[in-house]
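A.B. asks: Pasting upload_22.cif below, which is mmCIF, C-alpha atoms.
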data_input
#
loop_
_atom_site.label_atom_id
_atom_site.label_comp_id
_atom_site.auth_asym_id
_atom_site.auth_seq_id
_atom_site.Cartn_x
_atom_site.Cartn_y
_atom_site.Cartn_z
CA MET A 288 -4.45 0.46 14.19
CA PRO A 289 -3.62 0.63 10.43
CA SER A 290 -6.79 2.67 9.86
CA ALA A 291 -4.97 5.54 11.60
CA LEU A 292 -2.74 5.71 8.50
CA VAL A 293 -5.48 7.47 6.54
CA PRO A 294 -7.74 10.49 7.14
CA ALA A 295 -11.13 9.96 8.74
CA GLU A 296 -12.83 10.55 5.36
CA VAL A 297 -11.19 7.39 4.01
CA ALA A 298 -13.03 4.13 4.70
CA TRP A 299 -10.65 1.37 5.84
CA ALA A 300 -11.59 -2.28 6.26
CA ASP A 301 -9.28 -5.18 7.03
CA ALA A 302 -9.15 -8.85 7.98
CA VAL A 303 -6.44 -10.41 10.11
CA ARG A 304 -5.19 -13.98 10.08
CA THR A 305 -8.07 -15.50 8.20
CA ASP A 306 -8.00 -18.40 5.76
CA ALA A 307 -11.67 -19.34 5.51
CA THR A 308 -13.64 -16.78 3.50
CA PRO A 309 -17.35 -16.40 2.83
CA ASP A 310 -18.62 -16.70 -0.71
CA VAL A 311 -18.99 -12.98 -1.39
CA LEU A 312 -17.85 -12.87 -5.00
CA PHE A 313 -19.90 -11.56 -7.89
CA PRO A 314 -20.10 -13.96 -10.85
CA GLU A 315 -17.68 -11.88 -12.94
CA GLU A 316 -15.17 -11.98 -10.08
CA ALA A 317 -15.56 -15.70 -9.52
CA ALA A 318 -14.96 -16.29 -13.23
CA LEU A 319 -11.40 -15.00 -12.76
CA LEU A 320 -10.59 -17.81 -10.32
CA THR A 321 -11.58 -20.91 -12.24
CA ARG A 322 -7.95 -22.12 -12.37
CA SER A 323 -6.69 -20.59 -9.13
CA VAL A 324 -5.38 -22.52 -6.15
CA GLN A 325 -7.19 -22.20 -2.83
CA LYS A 326 -4.65 -19.77 -1.36
CA ARG A 327 -5.21 -17.37 -4.24
CA ARG A 328 -8.99 -17.78 -3.93
CA ASN A 329 -8.83 -16.93 -0.22
CA GLU A 330 -6.76 -13.80 -0.82
CA PHE A 331 -8.89 -12.62 -3.73
CA THR A 332 -12.16 -13.24 -1.91
CA THR A 333 -11.24 -11.82 1.49
CA VAL A 334 -9.75 -8.61 0.15
CA ARG A 335 -12.93 -8.03 -1.88
CA ALA A 336 -14.99 -8.63 1.23
CA CYS A 337 -12.89 -5.85 2.79
CA ALA A 338 -13.56 -3.66 -0.25
CA ARG A 339 -17.31 -4.21 0.08
CA ARG A 340 -17.16 -3.24 3.77
CA ALA A 341 -15.27 -0.09 2.84
CA MET A 342 -17.92 0.68 0.21
CA ALA A 343 -20.58 0.32 2.89
CA GLY A 344 -18.56 2.72 5.05
CA LEU A 345 -18.99 5.31 2.29
CA GLY A 346 -22.70 4.55 1.98
CA LEU A 347 -22.24 2.75 -1.34
CA PRO A 348 -23.88 -0.49 -2.50
CA PRO A 349 -21.60 -3.49 -3.10
CA THR A 350 -20.19 -3.75 -6.63
CA PRO A 351 -17.71 -6.07 -8.36
CA VAL A 352 -14.04 -5.11 -8.11
CA LEU A 353 -12.34 -6.30 -11.29
CA PRO A 354 -8.61 -5.96 -11.99
CA GLY A 355 -7.32 -3.68 -14.74
CA LYS A 356 -4.30 -3.95 -17.00
CA ARG A 357 -1.77 -3.80 -14.14
CA GLY A 358 -3.99 -5.53 -11.62
CA GLU A 359 -5.29 -2.23 -10.30
CA PRO A 360 -8.81 -2.53 -8.86
CA GLY A 361 -11.70 -0.99 -10.75
CA TRP A 362 -13.81 1.16 -8.45
CA PRO A 363 -17.27 2.70 -8.85
CA GLU A 364 -17.47 6.07 -10.58
CA GLY A 365 -16.35 8.89 -8.28
CA VAL A 366 -14.42 6.59 -5.93
CA VAL A 367 -10.69 6.01 -5.53
CA GLY A 368 -9.08 3.26 -3.52
CA SER A 369 -6.51 0.56 -3.04
CA MET A 370 -6.33 -3.03 -1.79
CA THR A 371 -3.56 -5.18 -0.36
CA HIS A 372 -3.08 -8.73 0.85
CA CYS A 373 -0.27 -10.77 2.33
CA ASP A 374 -0.17 -13.94 4.40
CA GLY A 375 -2.47 -13.27 7.36
CA TYR A 376 -3.65 -9.78 6.47
CA ARG A 377 -5.91 -8.11 3.87
CA ALA A 378 -7.16 -4.53 3.67
CA ALA A 379 -8.98 -2.06 1.43
CA ALA A 380 -9.13 1.74 1.64
CA LEU A 381 -11.67 3.82 -0.33
CA ALA A 382 -12.58 7.48 -0.53
CA PRO A 383 -14.68 9.81 -2.66
CA ALA A 384 -12.71 11.45 -5.47
CA SER A 385 -13.42 14.76 -3.73
CA VAL A 386 -11.22 13.59 -0.83
CA ALA A 387 -8.26 12.16 -2.79
CA ARG A 388 -7.00 11.76 -6.34
CA SER A 389 -5.62 8.30 -5.60
CA ILE A 390 -4.81 5.95 -2.72
CA GLY A 391 -2.02 3.43 -2.36
CA ILE A 392 -1.79 0.91 0.49
CA ASP A 393 0.41 -2.13 1.04
CA ALA A 394 0.90 -4.71 3.78
CA GLU A 395 3.81 -7.09 4.30
CA PRO A 396 4.97 -9.45 7.03
CA HIS A 397 7.42 -7.62 9.27
CA ALA A 398 10.39 -9.80 8.40
CA PRO A 399 13.55 -9.40 6.30
CA LEU A 400 13.19 -9.48 2.53
CA PRO A 401 14.33 -12.66 0.79
CA ASP A 402 17.99 -12.72 -0.23
CA GLY A 403 18.73 -10.65 -3.33
CA VAL A 404 15.51 -8.63 -3.33
CA LEU A 405 16.84 -5.51 -1.60
CA ASP A 406 19.36 -4.72 -4.33
CA VAL A 407 16.57 -4.90 -6.92
CA VAL A 408 14.10 -2.62 -5.14
CA SER A 409 16.38 -0.02 -3.54
CA LEU A 410 18.78 2.78 -4.40
CA ALA A 411 22.23 3.21 -2.82
CA PRO A 412 21.18 6.24 -0.69
CA GLU A 413 18.15 4.29 0.57
CA ARG A 414 20.39 1.39 1.59
CA GLU A 415 22.78 3.75 3.37
CA ARG A 416 19.94 5.31 5.38
CA GLY A 417 18.54 1.85 6.05
CA GLN A 418 21.81 0.71 7.58
CA GLN A 419 21.61 3.65 9.97
CA ILE A 420 18.15 2.43 11.03
CA ALA A 421 19.51 -1.09 11.44
CA ARG A 422 22.28 0.26 13.70
CA GLY A 423 19.64 1.68 16.04
CA ALA A 424 19.10 5.22 14.78
CA TRP A 425 15.41 4.96 15.68
CA GLY A 426 15.93 3.20 19.01
CA GLY A 427 13.35 0.83 20.47
CA ASP A 428 12.47 -2.49 18.89
CA PRO A 429 14.24 -3.50 15.67
CA VAL A 430 12.66 -2.40 12.40
CA HIS A 431 13.08 -4.51 9.29
CA TRP A 432 13.71 -1.40 7.20
CA ASP A 433 14.15 -3.36 3.96
CA ARG A 434 10.58 -4.67 4.21
CA LEU A 435 9.33 -1.22 5.19
CA LEU A 436 11.02 0.25 2.12
CA PHE A 437 9.54 -2.42 -0.15
CA SER A 438 6.04 -1.87 1.22
CA ALA A 439 6.28 1.91 0.85
CA LYS A 440 7.45 1.57 -2.76
CA GLU A 441 4.48 -0.69 -3.47
CA SER A 442 2.18 2.01 -2.05
CA VAL A 443 3.91 4.60 -4.22
CA PHE A 444 3.20 2.59 -7.36
CA LYS A 445 -0.44 2.05 -6.36
CA ALA A 446 -0.89 5.80 -5.80
CA TRP A 447 0.99 6.66 -9.01
CA TYR A 448 -0.53 4.29 -11.55
CA PRO A 449 -4.18 5.45 -11.52
CA LEU A 450 -2.94 8.99 -12.18
CA ALA A 451 -0.13 8.34 -14.66
CA ARG A 452 -1.24 5.08 -16.33
CA ARG A 453 2.44 4.35 -16.84
CA GLU A 454 4.93 1.97 -15.26
CA LEU A 455 7.12 3.13 -12.39
CA ASP A 456 10.28 1.20 -11.62
CA PHE A 457 11.59 0.72 -8.09
CA SER A 458 14.52 2.95 -9.08
CA ASP A 459 12.28 5.81 -10.26
CA ALA A 460 11.48 7.13 -6.78
CA GLU A 461 13.74 7.76 -3.80
CA LEU A 462 12.23 7.31 -0.35
CA THR A 463 13.09 8.79 3.01
CA PHE A 464 11.54 7.79 6.35
CA ASP A 465 10.89 9.32 9.74
CA ALA A 466 9.86 7.45 12.87
CA ALA A 467 7.63 8.55 15.70
CA PRO A 468 8.40 7.33 19.24
CA ALA A 469 7.16 3.82 19.95
CA SER A 470 3.69 3.88 21.50
CA SER A 471 1.55 1.28 23.18
CA VAL A 472 -1.87 0.69 21.69
CA PRO A 473 -4.52 -0.42 24.19
CA GLY A 474 -5.21 -4.11 23.74
CA SER A 475 -2.45 -4.58 21.20
CA GLY A 476 -0.28 -6.64 23.51
CA GLY A 477 2.86 -4.77 22.48
CA PRO A 478 4.39 -1.61 21.08
CA ASP A 479 3.71 -0.12 17.67
CA ARG A 480 6.31 1.56 15.53
CA GLN A 481 5.00 4.23 13.21
CA GLY A 482 6.05 7.25 11.21
CA THR A 483 5.94 9.01 7.88
CA PHE A 484 7.73 8.73 4.56
CA ARG A 485 8.26 10.82 1.47
CA ALA A 486 8.83 9.59 -2.09
CA ARG A 487 10.60 11.88 -4.58
CA LEU A 488 10.06 11.08 -8.24
CA LEU A 489 13.42 10.96 -10.03
CA PRO A 490 14.29 12.15 -13.56
CA SER A 491 14.20 8.54 -14.76
CA ALA A 492 10.44 8.34 -14.06
CA ASP A 493 8.20 8.58 -17.12
CA VAL A 494 6.16 11.45 -15.70
CA PRO A 495 3.27 12.57 -17.95
CA ASP A 496 2.93 16.23 -18.89
CA GLY A 497 0.87 18.05 -16.30
CA PHE A 498 1.31 15.34 -13.65
CA PRO A 499 0.16 16.98 -10.40
CA PHE A 500 2.90 15.70 -8.07
CA SER A 501 6.69 15.64 -7.91
CA GLY A 502 6.43 13.08 -5.13
CA PHE A 503 4.19 11.47 -2.55
CA GLU A 504 3.84 11.62 1.21
CA GLY A 505 2.67 8.66 3.25
CA ARG A 506 2.49 7.00 6.63
CA TRP A 507 3.66 3.64 7.94
CA VAL A 508 2.99 1.45 10.95
CA ILE A 509 4.41 -1.82 12.27
CA HIS A 510 1.82 -3.69 14.31
CA ASP A 511 0.98 -7.28 15.20
CA GLY A 512 3.71 -8.70 12.98
CA PHE A 513 2.89 -6.67 9.86
CA VAL A 514 4.20 -3.51 8.26
CA VAL A 515 1.49 -1.44 6.58
CA THR A 516 2.03 1.68 4.47
CA ALA A 517 -0.45 4.13 2.97
CA ILE A 518 -0.53 7.15 0.68
CA VAL A 519 -3.60 9.36 0.23
CA THR A 520 -2.97 12.00 -2.42
CA PRO A 521 -4.53 15.45 -1.97
CA PRO A 522 -7.65 16.25 -3.99
CA ALA A 523 -7.43 18.43 -7.09
CA THR A 524 -8.42 21.57 -5.17
CA VAL A 525 -5.42 21.24 -2.81
CA PRO A 526 -1.84 21.78 -4.07
CA GLY A 527 0.06 18.50 -4.02
CA PRO A 528 3.57 17.91 -2.57
CA ARG A 529 6.21 19.71 -4.61
#
Is it possible to give me this structure as structure tokens?

C.D. replies:
Amino acid sequence: MPSALVPAEVAWADAVRTDATPDVLFPEEAALLTRSVQKRRNEFTTVRACARRAMAGLGLPPTPVLPGKRGEPGWPEGVVGSMTHCDGYRAAALAPASVARSIGIDAEPHAPLPDGVLDVVSLAPERERGQQIARGAWGGDPVHWDRLLFSAKESVFKAWYPLARRELDFSDAELTFDAAPASSVPGSGGPDRQGTFRARLLPSADVPDGFPFSGFEGRWVIHDGFVVTAIVTPPATVPGPR
């Protein structure tokens, strides 16, 4: 279901509830894990296996995916993408640069944020709108809106950083959300919640001169115990959200 978050031209690959991972690392990737615990090795390895499957979906040969300065994945020339991992879920989304300028995806367990985190990652208007969601404004099954907000802000940063090469604080973008009616997915065993979101860059953001966007538009889904968010920015030939 999360693959429906992105256009058909974007290759999506994921792995659900897996701990054992095949040895699919390139030597330069494996060298980064010499002091890592097994949990970290599993996450690192499985999400790169997803990335290699997404590469194959674009007709590309497998290549190493090495982290950059801010942990952003390094993709082959002419490719943009994003990866995410949390307990029980990993995913990668890739596209040709002709399809998107950048991609940001994030996955989180659909559960409340730990105590104290919401105040750090949210703005007062976001919390006010979130309380309306918590009081049943969307109807249907409960939505842990704080975790949804956190995931969407992570996707915003992942879409922003490859373009700006600058930090973006949680308080530098204000997010709003819309929900579609709950829908049953065949074979899912339960309802999905899904919708869209918009991120508006605020004056506090260190926006480079000529930055193509004043904000980002994305999609979200809650499915099988996870909340997954995704942003695919328009290519250079298409005007971005203003």

A.B. asks: For Gln419 of chain A, which of A:Asp374, A:Glu364, A:Asp301, A:Asp433 is the closest residue, counting only C-alpha atoms?

C.D. replies: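 Nearest to Gln419 of chain A: A:Asp433.
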
A.B. asks: Using the chain letters and residue numbers of this document, give as an NGL selection string the residues selected by the PyMOL selection byres ((chain A and resi 292) around 10).

C.D. replies: :A and (288-291 or 293-295 or 297 or 299 or 392 or 481-483 or 505-508 or 515-519)

A.B. asks: Please, could you write that set of residues out with C-alpha atoms as a PDB file, in the coordinates of the input?

C.D. replies:
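After the write, again.pdb holds the following:
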ATOM      1  CA  MET A 288      -4.450   0.460  14.190  1.00  0.00           C
ATOM      2  CA  PRO A 289      -3.620   0.630  10.430  1.00  0.00           C
ATOM      3  CA  SER A 290      -6.790   2.670   9.860  1.00  0.00           C
ATOM      4  CA  ALA A 291      -4.970   5.540  11.600  1.00  0.00           C
ATOM      5  CA  VAL A 293      -5.480   7.470   6.540  1.00  0.00           C
ATOM      6  CA  PRO A 294      -7.740  10.490   7.140  1.00  0.00           C
ATOM      7  CA  ALA A 295     -11.130   9.960   8.740  1.00  0.00           C
ATOM      8  CA  VAL A 297     -11.190   7.390   4.010  1.00  0.00           C
ATOM      9  CA  TRP A 299     -10.650   1.370   5.840  1.00  0.00           C
ATOM     10  CA  ILE A 392      -1.790   0.910   0.490  1.00  0.00           C
ATOM     11  CA  GLN A 481       5.000   4.230  13.210  1.00  0.00           C
ATOM     12  CA  GLY A 482       6.050   7.250  11.210  1.00  0.00           C
ATOM     13  CA  THR A 483       5.940   9.010   7.880  1.00  0.00           C
ATOM     14  CA  GLY A 505       2.670   8.660   3.250  1.00  0.00           C
ATOM     15  CA  ARG A 506       2.490   7.000   6.630  1.00  0.00           C
ATOM     16  CA  TRP A 507       3.660   3.640   7.940  1.00  0.00           C
ATOM     17  CA  VAL A 508       2.990   1.450  10.950  1.00  0.00           C
ATOM     18  CA  VAL A 515       1.490  -1.440   6.580  1.00  0.00           C
ATOM     19  CA  THR A 516       2.030   1.680   4.470  1.00  0.00           C
ATOM     20  CA  ALA A 517      -0.450   4.130   2.970  1.00  0.00           C
ATOM     21  CA  ILE A 518      -0.530   7.150   0.680  1.00  0.00           C
ATOM     22  CA  VAL A 519      -3.600   9.360   0.230  1.00  0.00           C
TER      23      VAL A 519
END

A.B. asks: Of the candidates A:Leu488, A:Val430, A:Ala382, A:Val311, which one gets nearest to Cys337 of chain A if we count only C-alpha atoms?

C.D. replies: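 Result for the nearest residue to Cys337 of chain A: A:Val311.
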
A.B. asks: Could you list the residues chosen by the PyMOL selection byres ((chain A and resi 443) around 9) in this structure as an mmCIF file with C-alpha atoms, in the coordinates of the input?

C.D. replies:
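Saved as result_9.cif:
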data_model
loop_
_atom_site.group_PDB
_atom_site.id
_atom_site.type_symbol
_atom_site.label_atom_id
_atom_site.label_comp_id
_atom_site.auth_asym_id
_atom_site.auth_seq_id
_atom_site.Cartn_x
_atom_site.Cartn_y
_atom_site.Cartn_z
ATOM 1 C CA ILE A 390 -4.810 5.950 -2.720
ATOM 2 C CA GLY A 391 -2.020 3.430 -2.360
ATOM 3 C CA ILE A 392 -1.790 0.910 0.490
ATOM 4 C CA SER A 438 6.040 -1.870 1.220
ATOM 5 C CA ALA A 439 6.280 1.910 0.850
ATOM 6 C CA LYS A 440 7.450 1.570 -2.760
ATOM 7 C CA GLU A 441 4.480 -0.690 -3.470
ATOM 8 C CA SER A 442 2.180 2.010 -2.050
ATOM 9 C CA PHE A 444 3.200 2.590 -7.360
ATOM 10 C CA LYS A 445 -0.440 2.050 -6.360
ATOM 11 C CA ALA A 446 -0.890 5.800 -5.800
ATOM 12 C CA TRP A 447 0.990 6.660 -9.010
ATOM 13 C CA TYR A 448 -0.530 4.290 -11.550
ATOM 14 C CA LEU A 455 7.120 3.130 -12.390
ATOM 15 C CA ALA A 460 11.480 7.130 -6.780
ATOM 16 C CA ALA A 486 8.830 9.590 -2.090
ATOM 17 C CA GLY A 502 6.430 13.080 -5.130
ATOM 18 C CA PHE A 503 4.190 11.470 -2.550
ATOM 19 C CA GLU A 504 3.840 11.620 1.210
ATOM 20 C CA GLY A 505 2.670 8.660 3.250
ATOM 21 C CA ALA A 517 -0.450 4.130 2.970
ATOM 22 C CA ILE A 518 -0.530 7.150 0.680
#

A.B. asks: Take atom CA of Phe437 of chain A and atom CA of Gly423 of chain A and report the distance between them in Å, one decimal.

C.D. replies: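 Distance reported for this atom pair: 19.5 Å.
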
A.B. asks: Find the residue from A:Pro490, A:Leu347, A:Asp465, A:Cys373 that sits nearest to Trp425 of chain A; use all atoms listed in the file when measuring.

C.D. replies: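 Going through A:Pro490, A:Leu347, A:Asp465, A:Cys373 one by one, the smallest distance to Trp425 of chain A is for A:Asp465.
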